[in-house]
Amino acid sequence: MSAPSSPHSACSTLDAPESVVPDRKVVKILVKILTARHGVLHYHGQTGELATYQWPTDRHGQKIHPSQFAAYREAHAFLYPCCLCATADRYVETSVLQRAEGINQGQYVAECATSTCGYLLTVEKFFGRASVPAAYYRKRKVTRRPARIRHMLNQDDPLLRVKVEVK
Ligand SMILES: [Zn+2]
């Protein structure tokens with residue numbers, strides 16, 4: 001019985017350096033989100049495509065202003081738009097917040113909570129548009145509070161990053 005021969009340490013192939021190459025598909029999706037006019041586009045993890053986000057309304061069909069999204073989310077079965085970090089079985093909510101500085105200063109934006117995928121959209125601009133698809137979200141059961149979103153602050157503006165990647 002011969003001992004199993006140990007594999008030769010054959011010529012080691014050079015590992016390709018892990019460079020950050022912008023994924024063309026991702027860039028295309030981000031541009032689509034930024035340029036959509038009819039409504040807020042967000043990611044649908046199951047299809048891998050973009051879907052139109054249903055803007056929240058009150059019972060009378062009046063759109064909720066983004067400054068009230070957090071309170072609305074507490075009380076209704078409503079989630080913020082989904083970013084590109086989502087997978088088929090994981091919905092990943094963006095953060096909706098008022099930008100304190102930068103390009104969209106003072107405006108409410110939806111932004112990837114971990115600044116990972118580059119999702120960043122000024123949602124406030126859709127508030128006044130009549131044609132934006134909207135829906136009333138039913139009330140949440142009091143016992144089922146939504147998960148907290150941890151927003152990681154990032155010095156790099158994702159919008160700038162996208163611009164760099166698009167070139
Ligand atoms: Zn993301």
# chains A, B, ... in the order shown; residues from 1 in each chain; ligands from 1
>>> residues_near_ligand(ligand="ligand 1", cutoff="6 Å", atoms="only C-alpha atoms and all ligand atoms", output="list in words")
Cys83, Leu84, Cys85, Cys112, Thr116, Cys117 and Tyr119 of chain A
>>> residues_around(residues="Gln54 (chain A)", least_positions_apart="2", cutoff="10 Å", atoms="only C-alpha atoms", output="PyMOL selection string")
chain A and resi 39-42+51-52+56-57+78-81+132-137
>>> write_last_selection(atoms="N, CA and C atoms", output="mmCIF file, in the first residue's frame")
data_model
loop_
_atom_site.group_PDB
_atom_site.id
_atom_site.type_symbol
_atom_site.label_atom_id
_atom_site.label_comp_id
_atom_site.auth_asym_id
_atom_site.auth_seq_id
_atom_site.Cartn_x
_atom_site.Cartn_y
_atom_site.Cartn_z
ATOM 1 N N GLY A 39 -41.373 57.995 -10.300
ATOM 2 C CA GLY A 39 -41.512 57.577 -8.915
ATOM 3 C C GLY A 39 -40.193 57.053 -8.369
ATOM 4 N N VAL A 40 -40.251 56.634 -7.121
ATOM 5 C CA VAL A 40 -39.056 56.112 -6.462
ATOM 6 C C VAL A 40 -38.849 54.664 -6.900
ATOM 7 N N LEU A 41 -37.676 54.393 -7.448
ATOM 8 C CA LEU A 41 -37.363 53.009 -7.798
ATOM 9 C C LEU A 41 -36.534 52.410 -6.676
ATOM 10 N N HIS A 42 -36.846 51.174 -6.368
ATOM 11 C CA HIS A 42 -36.010 50.486 -5.389
ATOM 12 C C HIS A 42 -35.793 49.051 -5.850
ATOM 13 N N ALA A 51 -38.118 47.935 -8.918
ATOM 14 C CA ALA A 51 -39.570 48.004 -8.828
ATOM 15 C C ALA A 51 -39.947 49.409 -8.374
ATOM 16 N N THR A 52 -41.164 49.802 -8.669
ATOM 17 C CA THR A 52 -41.608 51.120 -8.246
ATOM 18 C C THR A 52 -42.095 51.041 -6.803
ATOM 19 N N PRO A 56 -46.009 56.140 0.784
ATOM 20 C CA PRO A 56 -47.058 55.975 1.802
ATOM 21 C C PRO A 56 -48.053 57.143 1.842
ATOM 22 N N THR A 57 -49.281 56.817 2.114
ATOM 23 C CA THR A 57 -50.313 57.851 2.245
ATOM 24 C C THR A 57 -51.083 57.641 3.545
ATOM 25 N N PHE A 78 -45.002 49.416 7.036
ATOM 26 C CA PHE A 78 -44.352 50.185 5.990
ATOM 27 C C PHE A 78 -42.841 50.088 6.159
ATOM 28 N N LEU A 79 -42.169 49.870 5.063
ATOM 29 C CA LEU A 79 -40.710 49.798 5.106
ATOM 30 C C LEU A 79 -40.137 50.850 4.168
ATOM 31 N N TYR A 80 -38.964 51.298 4.460
ATOM 32 C CA TYR A 80 -38.265 52.235 3.581
ATOM 33 C C TYR A 80 -37.874 51.497 2.298
ATOM 34 N N PRO A 81 -37.512 52.251 1.273
ATOM 35 C CA PRO A 81 -37.111 51.577 0.038
ATOM 36 C C PRO A 81 -35.974 50.576 0.287
ATOM 37 N N VAL A 132 -46.969 60.143 -8.654
ATOM 38 C CA VAL A 132 -46.165 59.129 -7.964
ATOM 39 C C VAL A 132 -47.061 58.021 -7.398
ATOM 40 N N PRO A 133 -46.775 56.760 -7.732
ATOM 41 C CA PRO A 133 -47.577 55.665 -7.197
ATOM 42 C C PRO A 133 -47.519 55.661 -5.669
ATOM 43 N N ALA A 134 -48.692 55.580 -5.059
ATOM 44 C CA ALA A 134 -48.762 55.666 -3.606
ATOM 45 C C ALA A 134 -49.792 54.691 -3.070
ATOM 46 N N ALA A 135 -49.662 54.361 -1.807
ATOM 47 C CA ALA A 135 -50.586 53.404 -1.205
ATOM 48 C C ALA A 135 -50.705 53.652 0.289
ATOM 49 N N TYR A 136 -51.829 53.244 0.815
ATOM 50 C CA TYR A 136 -52.002 53.287 2.274
ATOM 51 C C TYR A 136 -51.504 51.960 2.827
ATOM 52 N N TYR A 137 -50.627 52.029 3.800
ATOM 53 C CA TYR A 137 -50.114 50.828 4.444
ATOM 54 C C TYR A 137 -50.908 50.569 5.724
#
>>> atom_distance(atom1="CA of Arg59 (chain A)", atom2="CA of Val109 (chain A)")
24.1 Å
>>> residues_around(residues="region 93-99 of chain A", least_positions_apart="3", cutoff="9 Å", atoms="only C-alpha atoms", output="PDB file with C-alpha atoms, in the first residue's frame")
ATOM      1  CA  PRO A  66     -40.504  62.110   4.314  1.00  0.00           C
ATOM      2  CA  SER A  67     -40.051  63.964   7.612  1.00  0.00           C
ATOM      3  CA  PHE A  69     -41.735  58.538   7.472  1.00  0.00           C
ATOM      4  CA  ALA A  70     -40.183  57.401  10.753  1.00  0.00           C
ATOM      5  CA  LEU A  79     -40.710  49.798   5.106  1.00  0.00           C
ATOM      6  CA  TYR A  80     -38.265  52.235   3.581  1.00  0.00           C
ATOM      7  CA  PRO A  81     -37.111  51.577   0.038  1.00  0.00           C
ATOM      8  CA  CYS A  82     -34.938  48.518  -0.445  1.00  0.00           C
ATOM      9  CA  CYS A  83     -31.329  48.963  -1.522  1.00  0.00           C
ATOM     10  CA  CYS A  85     -27.733  44.961  -0.719  1.00  0.00           C
ATOM     11  CA  ALA A  86     -30.914  42.875  -0.720  1.00  0.00           C
ATOM     12  CA  GLY A 102     -23.376  68.003   0.723  1.00  0.00           C
ATOM     13  CA  ILE A 103     -25.185  68.006  -2.573  1.00  0.00           C
ATOM     14  CA  ASN A 104     -28.674  67.413  -1.250  1.00  0.00           C
ATOM     15  CA  GLN A 105     -28.334  69.458   1.912  1.00  0.00           C
ATOM     16  CA  GLY A 106     -31.627  69.859   3.756  1.00  0.00           C
ATOM     17  CA  GLN A 107     -33.359  67.338   1.507  1.00  0.00           C
ATOM     18  CA  TYR A 108     -34.671  63.977   2.554  1.00  0.00           C
ATOM     19  CA  VAL A 109     -32.820  61.150   0.921  1.00  0.00           C
ATOM     20  CA  ALA A 110     -33.013  57.379   0.947  1.00  0.00           C
ATOM     21  CA  GLU A 111     -29.533  56.014   1.274  1.00  0.00           C
ATOM     22  CA  CYS A 112     -27.927  52.604   1.694  1.00  0.00           C
ATOM     23  CA  ALA A 113     -27.666  52.359   5.482  1.00  0.00           C
ATOM     24  CA  THR A 114     -24.171  50.934   5.299  1.00  0.00           C
ATOM     25  CA  TYR A 119     -28.151  53.542  -3.382  1.00  0.00           C
ATOM     26  CA  LEU A 120     -28.819  57.220  -2.819  1.00  0.00           C
ATOM     27  CA  VAL A 123     -36.921  61.089  -2.266  1.00  0.00           C
ATOM     28  CA  ILE A 149     -31.930  50.863  11.128  1.00  0.00           C
ATOM     29  CA  ARG A 150     -28.350  51.533  11.991  1.00  0.00           C
ATOM     30  CA  HIS A 151     -27.072  54.168   9.701  1.00  0.00           C
TER      31      HIS A 151
END
>>> atom_distance(atom1="CA of Glu124 (chain A)", atom2="CA of Lys32 (chain A)")
17.3 Å
>>> atom_distance(atom1="CA of Arg140 (chain A)", atom2="CA of His60 (chain A)")
17.8 Å
>>> select_by_dssp(residues="region 8-166 of chain A", states="helix (DSSP H, G or I)", output="short mmCIF file (atom, residue, chain, number, x, y, z; two decimals) with N, CA and C atoms, in the first residue's frame")
data_model
loop_
_atom_site.label_atom_id
_atom_site.label_comp_id
_atom_site.auth_asym_id
_atom_site.auth_seq_id
_atom_site.Cartn_x
_atom_site.Cartn_y
_atom_site.Cartn_z
N ARG A 24 -20.77 46.88 -13.93
CA ARG A 24 -21.54 47.66 -14.91
C ARG A 24 -23.05 47.57 -14.66
N LYS A 25 -23.46 46.39 -14.26
CA LYS A 25 -24.89 46.19 -14.03
C LYS A 25 -25.36 47.07 -12.87
N VAL A 26 -24.55 47.11 -11.81
CA VAL A 26 -24.90 47.91 -10.64
C VAL A 26 -24.94 49.39 -11.01
N VAL A 27 -23.94 49.83 -11.74
CA VAL A 27 -23.89 51.24 -12.14
C VAL A 27 -25.13 51.59 -12.96
N LYS A 28 -25.49 50.68 -13.87
CA LYS A 28 -26.66 50.90 -14.71
C LYS A 28 -27.93 51.04 -13.87
N ILE A 29 -28.05 50.18 -12.87
CA ILE A 29 -29.21 50.22 -11.98
C ILE A 29 -29.25 51.54 -11.22
N LEU A 30 -28.08 51.95 -10.70
CA LEU A 30 -28.03 53.19 -9.91
C LEU A 30 -28.39 54.40 -10.76
N VAL A 31 -27.93 54.41 -11.99
CA VAL A 31 -28.25 55.51 -12.89
C VAL A 31 -29.75 55.54 -13.17
N LYS A 32 -30.31 54.36 -13.34
CA LYS A 32 -31.75 54.25 -13.60
C LYS A 32 -32.55 54.81 -12.42
N ILE A 33 -32.11 54.49 -11.22
CA ILE A 33 -32.78 54.99 -10.01
C ILE A 33 -32.71 56.50 -9.96
N LEU A 34 -31.52 57.03 -10.27
CA LEU A 34 -31.31 58.47 -10.19
C LEU A 34 -32.08 59.25 -11.24
N THR A 35 -32.31 58.63 -12.38
CA THR A 35 -32.92 59.38 -13.48
C THR A 35 -34.43 59.12 -13.63
N PRO A 66 -41.62 62.93 3.80
CA PRO A 66 -40.50 62.11 4.31
C PRO A 66 -40.12 62.41 5.77
N SER A 67 -40.38 63.63 6.21
CA SER A 67 -40.05 63.96 7.61
C SER A 67 -40.93 63.16 8.58
N GLN A 68 -42.05 62.62 8.05
CA GLN A 68 -42.96 61.83 8.89
C GLN A 68 -42.83 60.33 8.65
N PHE A 69 -41.89 59.96 7.80
CA PHE A 69 -41.73 58.54 7.47
C PHE A 69 -41.46 57.68 8.72
N ALA A 70 -40.58 58.20 9.59
CA ALA A 70 -40.18 57.40 10.75
C ALA A 70 -41.39 57.09 11.64
N ALA A 71 -42.20 58.11 11.88
CA ALA A 71 -43.38 57.92 12.71
C ALA A 71 -44.37 56.98 12.02
N TYR A 72 -44.51 57.15 10.73
CA TYR A 72 -45.42 56.32 9.94
C TYR A 72 -44.94 54.86 9.99
N ARG A 73 -43.63 54.68 9.89
CA ARG A 73 -43.04 53.34 9.90
C ARG A 73 -43.28 52.65 11.24
N GLU A 74 -43.29 53.45 12.31
CA GLU A 74 -43.55 52.89 13.63
C GLU A 74 -44.96 52.32 13.73
N ALA A 75 -45.89 53.00 13.09
CA ALA A 75 -47.31 52.67 13.27
C ALA A 75 -47.89 51.81 12.16
N GLU A 124 -37.40 63.32 -1.51
CA GLU A 124 -38.27 64.47 -1.25
C GLU A 124 -38.83 65.07 -2.54
N LYS A 125 -38.04 65.01 -3.61
CA LYS A 125 -38.50 65.63 -4.86
C LYS A 125 -39.76 64.97 -5.41
N PHE A 126 -40.05 63.76 -4.95
CA PHE A 126 -41.24 63.06 -5.44
C PHE A 126 -42.49 63.39 -4.62
N PRO A 158 -21.72 58.88 -1.32
CA PRO A 158 -21.95 57.80 -2.29
C PRO A 158 -22.24 58.32 -3.69
N LEU A 159 -22.85 59.49 -3.75
CA LEU A 159 -23.17 60.02 -5.07
C LEU A 159 -21.90 60.34 -5.83
N LEU A 160 -20.93 60.87 -5.10
CA LEU A 160 -19.65 61.16 -5.73
C LEU A 160 -18.99 59.87 -6.18
N ARG A 161 -19.14 58.85 -5.33
CA ARG A 161 -18.52 57.57 -5.66
C ARG A 161 -19.10 57.01 -6.95
N VAL A 162 -20.40 57.12 -7.09
CA VAL A 162 -21.04 56.63 -8.30
C VAL A 162 -20.51 57.38 -9.51
N LYS A 163 -20.37 58.68 -9.35
CA LYS A 163 -19.88 59.49 -10.47
C LYS A 163 -18.51 59.02 -10.91
N VAL A 164 -17.70 58.69 -9.93
CA VAL A 164 -16.35 58.23 -10.25
C VAL A 164 -16.42 56.90 -10.99
N GLU A 165 -17.33 56.04 -10.50
CA GLU A 165 -17.41 54.71 -11.09
C GLU A 165 -17.99 54.74 -12.51
N VAL A 166 -18.79 55.72 -12.79
CA VAL A 166 -19.48 55.77 -14.09
C VAL A 166 -18.51 56.10 -15.23
#
>>> closest_residue(among="A:Arg37, A:Lys139, A:His65, A:His76", to="Leu121 (chain A)", atoms="only C-alpha atoms")
A:Arg37
>>> select_by_dssp(residues="region 58-153 of chain A", states="strand (DSSP E or B)", output="compact mmCIF listing (two decimals) with N, CA and C atoms, in the first residue's frame")
# COMPACT_ATOMS: atom_id res chain seq x y z
N LYS A 63 -50.30 62.04 0.51
CA LYS A 63 -48.94 61.52 0.67
C LYS A 63 -48.31 62.01 1.98
N HIS A 76 -47.23 51.77 11.01
CA HIS A 76 -47.79 51.05 9.86
C HIS A 76 -46.83 49.97 9.36
N CYS A 82 -35.92 49.61 -0.57
CA CYS A 82 -34.94 48.52 -0.45
C CYS A 82 -33.72 48.84 -1.30
N THR A 87 -31.09 40.50 -1.01
CA THR A 87 -30.98 39.24 -1.74
C THR A 87 -32.39 38.69 -1.91
N ARG A 90 -33.84 38.50 1.53
CA ARG A 90 -33.53 39.52 2.53
C ARG A 90 -33.82 40.91 1.98
N GLU A 93 -33.53 47.56 4.12
CA GLU A 93 -34.06 48.92 4.08
C GLU A 93 -32.96 49.97 4.01
N SER A 95 -31.78 53.92 4.74
CA SER A 95 -32.08 54.92 5.77
C SER A 95 -32.75 56.07 5.05
N VAL A 96 -33.75 56.64 5.67
CA VAL A 96 -34.33 57.86 5.11
C VAL A 96 -34.00 58.96 6.10
N LEU A 97 -33.27 59.93 5.65
CA LEU A 97 -32.83 60.98 6.55
C LEU A 97 -32.64 62.29 5.80
N GLN A 98 -32.56 63.33 6.60
CA GLN A 98 -32.35 64.66 6.03
C GLN A 98 -30.85 64.90 5.98
N TYR A 108 -34.55 65.34 2.07
CA TYR A 108 -34.67 63.98 2.55
C TYR A 108 -34.23 63.01 1.47
N VAL A 109 -33.33 62.14 1.86
CA VAL A 109 -32.82 61.15 0.92
C VAL A 109 -33.03 59.74 1.47
N ALA A 110 -33.07 58.79 0.56
CA ALA A 110 -33.01 57.38 0.95
C ALA A 110 -31.62 56.93 0.55
N GLU A 111 -30.94 56.33 1.49
CA GLU A 111 -29.53 56.01 1.27
C GLU A 111 -29.21 54.65 1.85
N LEU A 120 -28.62 55.89 -3.40
CA LEU A 120 -28.82 57.22 -2.82
C LEU A 120 -29.78 57.98 -3.71
N LEU A 121 -30.89 58.37 -3.15
CA LEU A 121 -31.89 59.05 -3.93
C LEU A 121 -32.56 60.12 -3.10
N THR A 122 -32.70 61.30 -3.70
CA THR A 122 -33.45 62.36 -3.04
C THR A 122 -34.92 62.03 -3.21
N ALA A 134 -48.69 55.58 -5.06
CA ALA A 134 -48.76 55.67 -3.61
C ALA A 134 -49.79 54.69 -3.07
N ALA A 135 -49.66 54.36 -1.81
CA ALA A 135 -50.59 53.40 -1.21
C ALA A 135 -50.70 53.65 0.29
N TYR A 136 -51.83 53.24 0.81
CA TYR A 136 -52.00 53.29 2.27
C TYR A 136 -51.50 51.96 2.83
N LYS A 139 -52.14 49.42 9.40
CA LYS A 139 -51.54 49.65 10.72
C LYS A 139 -50.80 48.41 11.19
>>> closest_residue(among="A:Ala100, A:Ala77, A:Tyr53, A:Arg129", to="Lys141 (chain A)", atoms="only C-alpha atoms")
A:Ala77
>>> closest_residue(among="A:Met152, A:His44, A:Arg144, A:Pro22", to="Asp89 (chain A)", atoms="only C-alpha atoms")
A:His44
